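Notes follow the structure.
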Amino acid sequence: MNYPEKIIAAVENFRKIPGVGEKTAFRQILGLSKWRTEELVSFGQALKDLATLEYCIECGLFSEGELCDVCRRSERAAAGIICVVESLSDCLAVEKSGQFRGLYHVLGGVLNPLAGIGPEEIGIPRLVQRVQRLGIKTLILAINPSIEGDATSSYIRQELPDDVSAERIGFGMPMGGALEFLDSMTITKALENRKKI
Ligand SMILES: [Zn+2]
């Protein structure tokens with residue numbers, strides 16, 4: 001039998017979610033089709049609103065307005081320390097560990113010359129300016145361990161003024177791993193055991 005176009009379209013969209021296969025998508029969409037109209041409209045609206053999500057102009061974290069909750073808090077800025085992460089989910093994982101009380105900087109990727117991702121694309125010049133403007137003394141490079149991650153860390157070190165200390169985390173982190181998949185205890189250990197580069 002042929003499925004209605006509306007079902008097919010919904011399944012195709014649902015399958016774009018990582019880890020969702022065709023079978024799961026069908027089952028979920030059939031379940032959703034039984035929801036009340038107002039529930040479906042609200043579900044659709046919530047997804048639509050994601051398109052207009054705002055990000056902090058300073059660090060790249062979620063925000064409502066120009067600055068995020070972290071950047072708005074004076075005690076976080078007063079710590080004089082920035083934790084540099086690859087992605088928003090890594091940032092949320094570090095924040096959830098509760099061990100870090102400074103500011104963040106979300107790169108949104110790592111250097112990858114072959115893929116055309118250079119320092120500008122991941123905002124390194126903006127990070128360096130921010131360090132100088134805020135008088136930051138320490139940078140924790142919580143970039144995930146990989147060849148590109150290590151190269152990105154070295155590049156950032158090289159771009160920083162000499163009086164700014166740059167420390168790389170890594171202890172307990174598997175090569176190719178990501179902060180977002182680690183538990184808070186491992187993140188805490190990785191943050192405690194960092195070395196100067
Ligand atoms: Zn911010």
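Chain lettering (A, B, ...) mirrors the order of the structure tokens, residue numbering begins at 1 for each chain separately, and ligand numbering begins at 1 in order of display.
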
Next on the checklist: Around ligand 1, which protein and nucleic acid residues have at least one atom no more than 12 Å from it, if we count only C-alpha atoms and all ligand atoms? List them as a PyMOL selection string.
Outcome noted: chain A and resi 54-74+76-77+82-84+88+91+102-106+130

Checklist entry - Can you list, as a PyMOL selection string, every residue of region 74-172 of chain A that DSSP puts in helix (DSSP H, G or I)? => result chain A and resi 74-78+88-97+113-115+124-134+147-159

Item to check | Filtered DSSP result for region 96-177 of chain A, state strand (DSSP E or B), as an MDAnalysis selection string | outcome: chainID A and resid 103:106 112 117 138:142 165:168

Next on the checklist: Applying 12 Å and only C-alpha atoms, which residues near Gln129 (chain A) remain after dropping the ones on its own chain fewer than 6 positions away? List them as an MDAnalysis selection string.
Outcome noted: chainID A and resid 58 123 135:136 156 159:161

Item to check | Within 6 Å of Thr138 (chain A) using only C-alpha atoms, minus same-chain residues under 2 positions, as a PyMOL selection string | outcome: chain A and resi 81+136+164-166

Checklist entry - Taking only C-alpha atoms into account, which of A:Leu30, A:Val11, A:Val85, A:Leu111 comes nearest Ala178 (chain A)? => result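 Nearest to Ala178 (chain A): A:Val85.
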